[in-house]
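Data first, discussion second: the structure below is written as structure tokens.
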Amino acid sequence: MGNIFVALGKEVSEGHVMIGKNANRPINEGQALIRIPRVDHFDKEVECSFISIPQVSSTYEIIISKPYKLWGAEMGMNEFDLAVACSVVEGKNKFLQKNDGLTAQDISRLILERCSNPQEAIALVIELLEKYGQDVNQGSEAFPVYGNATFVISNAEEAWIIETVGHEWIYKRINQFQVISDTYVIGKDYEKHSENLISLAKKLNVQIDDNFSFKESFNRKLNFLEKDNAKIKEELLSNKLSEALTPRTGIELLKCHFKESNFHPARSSNKDFCLHASGTKNAWQTASSMLVVLRKNSRSTCWMTGTSSPCVSIFKPFFIPGKNIYQGLYAEPSRFLDDSLWWKAENFIREANLRYHKTQKTFGPLIRKIQDDFLLKEHKLFEKESIDVEKMDALSDESLRIHSKRVMEWAYVLKKEGRPISFRSPLYNSFLEKKTIEVTPLA
């Protein structure tokens, strides 16, 4: 689940490729930001979220963002500058809910660990999908989701999207700005599809003609109360593209809401690219965000928040190779409040959301200043012909240290003010308070 955009060619300054994603997950589910080095394996199998599959002899170095209790990855980049982001679409097909396949996150991580280019990645998706399927809970125990995986796969040369329905698949190359958000986007302009896709469509009573459109055939029909939120978000981002994307404007896209001028987290909905959990009917939020800048003749940058709510968060630059955020050495979030960056930031973010407009006025300029400083320092790293890996690592470490320190300071300032009284959104306030109590360890 998530909101993804891809930009390349004339849409991006300096001709780079960009992939941006906001990973939407249930509130209170922390997102771990980790690096896993290249590893030689001696085990015969690897245990994924629900099943085990044969392991390969070696896996590549990766940087990923993942739900704390799941094996798979929402998004990430590997040592070959291959980037992946996944989403889940509720199509017309039904699942038996046996939990005997692979999740979208499982496949995303397997792509990054095993593939060096988009062609290998597409082939792996097809192999895994046809062999194991995806009859699995893509959400959580409290918020189960059974749906079909979508993958955006890119390096500095090309970007592809592969969409799935059950064991079937279809893919196409992306040649312009594209937004992917919980609905199918491939129409009649596909490159190739699985042999049994048309047969499945007929079994689902889909009318098929010679001018086959995947999205028209398999997208779930919206009822009269639902909106085409994917189209709304595509228009939202497209309207902001007045010039070629830079890392700064790419980050700004991931921070945006449908009605920015009058936005409040209590009114957040699936129209927002940056999603806030607004109550029991919408208990999901953007749990972590990524912007990958893929460069043809230089190292790529994987900008990650490692925290929720990008509108009040800071993107930090990471590189491969690198020596930070190693799994097992860097604090990952747990079920309860802890000393991980994710929960430290969540302390501030929830206080900020309770007084959102005031927070934006007070802390918004500070957040933008820190972000601009990171962007400038990252840009300077690439001005020289030879790239200093140690300086790259130092910038990553500095950004983690500054973000962690600032959110603790800001949370302290807001908590010292006392709980704000809101006559406009009392239910939202009580919802946030209840969710915070749920993750507070017993004394």
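Ordered as shown in the structure tokens, chains take letters A, B, and onward, while each chain numbers its residues from 1 and ligands are numbered from 1 in the order shown.
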What are the DSSP alpha helix (DSSP H) residues of stretch 309-400 of chain A, as a VMD selection string?
-> chain A and resid 341 to 354 356 to 381 389 to 400
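Nearest to A:Gly76 of all the residues A:Leu33, A:Val312, A:Ile186, A:Leu237 is A:Leu33, counting only C-alpha atoms.
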Of A:Ile370, A:Ile34, A:Ile251, A:Leu129, the one sitting nearest A:Glu398 when using only C-alpha atoms is A:Ile370
Using only C-alpha atoms, determine which residues lie at most 12 Å from A:Cys48, disregarding the query and same-chain residues fewer than 6 positions distant; provide the list as a PyMOL selection string. chain A and resi 54-55+69-73+99-110+132+136
Excluding A:Tyr184 and its own-chain neighbours fewer than 3 positions away, which residues fall within 8 Å of it when counting only C-alpha atoms? Please give them as a PDB file with N, CA and C atoms, in the first residue's frame.
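Resulting contents of part-v3.pdb:
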```
ATOM      1  N   VAL A  89      -3.002  -3.522  -5.000  1.00  0.00           N
ATOM      2  CA  VAL A  89      -4.247  -3.109  -5.641  1.00  0.00           C
ATOM      3  C   VAL A  89      -5.337  -4.136  -5.350  1.00  0.00           C
ATOM      4  N   GLU A 163       2.306  -5.033 -13.129  1.00  0.00           N
ATOM      5  CA  GLU A 163       1.092  -5.164 -12.324  1.00  0.00           C
ATOM      6  C   GLU A 163       0.622  -6.609 -12.361  1.00  0.00           C
ATOM      7  N   ILE A 180       1.391   6.093  -9.310  1.00  0.00           N
ATOM      8  CA  ILE A 180       0.781   4.791  -9.027  1.00  0.00           C
ATOM      9  C   ILE A 180       0.236   4.844  -7.613  1.00  0.00           C
ATOM     10  N   PHE A 214      -5.899  -3.481 -19.656  1.00  0.00           N
ATOM     11  CA  PHE A 214      -5.775  -4.183 -18.373  1.00  0.00           C
ATOM     12  C   PHE A 214      -6.509  -3.448 -17.258  1.00  0.00           C
ATOM     13  N   LYS A 215      -6.299  -2.135 -17.147  1.00  0.00           N
ATOM     14  CA  LYS A 215      -6.912  -1.403 -16.039  1.00  0.00           C
ATOM     15  C   LYS A 215      -8.432  -1.366 -16.150  1.00  0.00           C
ATOM     16  N   PHE A 218      -9.617  -5.028 -15.046  1.00  0.00           N
ATOM     17  CA  PHE A 218      -9.383  -5.595 -13.721  1.00  0.00           C
ATOM     18  C   PHE A 218      -9.533  -4.622 -12.558  1.00  0.00           C
ATOM     19  N   ASN A 219      -9.601  -3.314 -12.807  1.00  0.00           N
ATOM     20  CA  ASN A 219      -9.829  -2.392 -11.693  1.00  0.00           C
ATOM     21  C   ASN A 219     -11.207  -2.626 -11.093  1.00  0.00           C
TER      22      ASN A 219
END
```
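In this comparison, which uses only C-alpha atoms, the residue of A:Ser386, A:Thr440, A:Asn22, A:Gln119 approaching A:Arg299 most closely is A:Ser386.
The set of residues in stretch 292-414 of chain A assigned to strand (DSSP E) by DSSP, using only backbone atoms of this structure, is Val292, Val293, Leu294, Thr301, Cys302, Trp303, Met304, Lys316, Pro317 and Phe318 of chain A.
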Keeping only C-alpha atoms, write those residues as a PDB file, in the first residue's frame.
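Result file out_9.pdb:
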```pdb
ATOM      1  CA  VAL A 292      15.744   7.684  -5.032  1.00  0.00           C
ATOM      2  CA  VAL A 293      17.805   9.774  -7.457  1.00  0.00           C
ATOM      3  CA  LEU A 294      19.372   7.408 -10.000  1.00  0.00           C
ATOM      4  CA  THR A 301      21.296   8.718  -3.649  1.00  0.00           C
ATOM      5  CA  CYS A 302      18.584   7.019  -1.629  1.00  0.00           C
ATOM      6  CA  TRP A 303      16.797   9.703   0.407  1.00  0.00           C
ATOM      7  CA  MET A 304      14.833   8.126   3.268  1.00  0.00           C
ATOM      8  CA  LYS A 316      18.280  11.843   4.871  1.00  0.00           C
ATOM      9  CA  PRO A 317      20.753  10.761   2.154  1.00  0.00           C
ATOM     10  CA  PHE A 318      22.151   7.219   2.029  1.00  0.00           C
TER      11      PHE A 318
END
```
Q: Using only C-alpha atoms, determine which residues lie at most 12 Å from A:Lys434, disregarding the query and same-chain residues fewer than 3 positions distant; provide the list as an NGL selection string.
A: :A and (27-28 or 279-280 or 283 or 350 or 427-431 or 437-440)
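Each of A:Phe319, A:Lys384, A:Gly306, A:Glu235 was compared to A:Glu332 using only C-alpha atoms, and A:Gly306 turns out to be the nearest.
Every protein or nucleic acid residue with an atom no more than 10 Å from stretch 200-203 of chain A, counting only C-alpha atoms and leaving out same-chain residues fewer than 4 positions away, appears here: Lys92, Asn93, Val165, Gly166, His167, Glu168, Glu195, Asn196, Gln207, Ile208, Phe214, Ser217 and Phe218 of chain A.
You can rank A:Asn175, A:Ser58, A:Asn3, A:Thr436 by their closest distance to A:Lys231 using only C-alpha atoms, and at the top of that list sits A:Asn3.
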### Contacts of stretch 268-273 of chain A within 7 Å, only C-alpha atoms, excl. fewer than 4 positions in-chain, as a ChimeraX atom specification
/A:3,229,232-233,254,256-258,264,278
Next, dump the selected residues to file, keeping only N, CA and C atoms, as a PDB file, in the first residue's frame.
```
ATOM      1  N   ASN A   3       1.733   5.400  -2.083  1.00  0.00           N
ATOM      2  CA  ASN A   3       1.653   6.343  -3.187  1.00  0.00           C
ATOM      3  C   ASN A   3       3.036   6.457  -3.804  1.00  0.00           C
ATOM      4  N   ASN A 229      -9.429   8.246  -6.241  1.00  0.00           N
ATOM      5  CA  ASN A 229      -8.371   8.960  -5.537  1.00  0.00           C
ATOM      6  C   ASN A 229      -7.039   8.895  -6.275  1.00  0.00           C
ATOM      7  N   ILE A 232      -7.091  11.683  -8.661  1.00  0.00           N
ATOM      8  CA  ILE A 232      -6.973  12.947  -7.930  1.00  0.00           C
ATOM      9  C   ILE A 232      -5.519  13.214  -7.567  1.00  0.00           C
ATOM     10  N   LYS A 233      -4.804  12.171  -7.088  1.00  0.00           N
ATOM     11  CA  LYS A 233      -3.406  12.343  -6.692  1.00  0.00           C
ATOM     12  C   LYS A 233      -2.503  12.572  -7.898  1.00  0.00           C
ATOM     13  N   LEU A 254       6.303  14.500  -2.167  1.00  0.00           N
ATOM     14  CA  LEU A 254       5.978  13.472  -1.178  1.00  0.00           C
ATOM     15  C   LEU A 254       5.368  14.054   0.091  1.00  0.00           C
ATOM     16  N   CYS A 256       3.036  16.512   0.051  1.00  0.00           N
ATOM     17  CA  CYS A 256       1.849  17.317  -0.259  1.00  0.00           C
ATOM     18  C   CYS A 256       0.533  16.642   0.115  1.00  0.00           C
ATOM     19  N   HIS A 257      -0.484  17.502   0.321  1.00  0.00           N
ATOM     20  CA  HIS A 257      -1.849  17.084   0.641  1.00  0.00           C
ATOM     21  C   HIS A 257      -2.807  17.656  -0.408  1.00  0.00           C
ATOM     22  N   PHE A 258      -4.004  17.089  -0.464  1.00  0.00           N
ATOM     23  CA  PHE A 258      -4.986  17.478  -1.478  1.00  0.00           C
ATOM     24  C   PHE A 258      -5.375  18.949  -1.339  1.00  0.00           C
ATOM     25  N   HIS A 264      -5.678  19.673   7.675  1.00  0.00           N
ATOM     26  CA  HIS A 264      -5.488  19.254   9.069  1.00  0.00           C
ATOM     27  C   HIS A 264      -5.481  17.730   9.097  1.00  0.00           C
ATOM     28  N   SER A 278      -6.456   9.458  10.517  1.00  0.00           N
ATOM     29  CA  SER A 278      -7.371  10.496  11.004  1.00  0.00           C
ATOM     30  C   SER A 278      -8.440   9.974  11.943  1.00  0.00           C
TER      31      SER A 278
END
```
If you count only C-alpha atoms, the residue of A:Ala266, A:Ile314, A:Met392, A:Val125 closest to A:Gly364 turns out to be A:Ile314
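We find atom CA of A:Ala121 and atom CA of A:Glu90 to be spaced 22.8 Å apart.
Between atom CA of A:Ser49 and atom CA of A:Asp135 lies a distance of 12.0 Å.
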Select from stretch 369-407 of chain A every residue with an atom at most 12 Å from any atom of stretch 239-248 of chain A, then for each give the shortest pair of atoms and their distance in Å to one decimal, using only C-alpha atoms, rows by chain and rising number, as a Markdown table.
```
| residue | atom | partner | partner_atom | distance |
| --- | --- | --- | --- | --- |
| A:Lys369 | CA | A:Arg248 | CA | 11.8 |
| A:Gln371 | CA | A:Arg248 | CA | 8.5 |
| A:Asp372 | CA | A:Arg248 | CA | 7.7 |
| A:Asp373 | CA | A:Arg248 | CA | 10.9 |
| A:Phe374 | CA | A:Arg248 | CA | 10.2 |
| A:Leu375 | CA | A:Arg248 | CA | 7.2 |
| A:Leu376 | CA | A:Arg248 | CA | 9.8 |
| A:Glu378 | CA | A:Pro247 | CA | 10.1 |
| A:His379 | CA | A:Pro247 | CA | 9.5 |
```
Can I get the selection written as a PDB file, in the first residue's frame, with C-alpha atoms?
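Writing done, so here's selection-v7.pdb:
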```pdb
ATOM      1  CA  LYS A 369      16.266  24.770   6.672  1.00  0.00           C
ATOM      2  CA  GLN A 371      16.413  19.715   4.666  1.00  0.00           C
ATOM      3  CA  ASP A 372      17.950  22.397   2.452  1.00  0.00           C
ATOM      4  CA  ASP A 373      21.258  22.004   4.287  1.00  0.00           C
ATOM      5  CA  PHE A 374      21.279  18.240   3.666  1.00  0.00           C
ATOM      6  CA  LEU A 375      20.390  18.776  -0.006  1.00  0.00           C
ATOM      7  CA  LEU A 376      23.183  21.320  -0.454  1.00  0.00           C
ATOM      8  CA  GLU A 378      24.695  16.113  -0.865  1.00  0.00           C
ATOM      9  CA  HIS A 379      24.895  18.204  -4.050  1.00  0.00           C
TER      10      HIS A 379
END
```
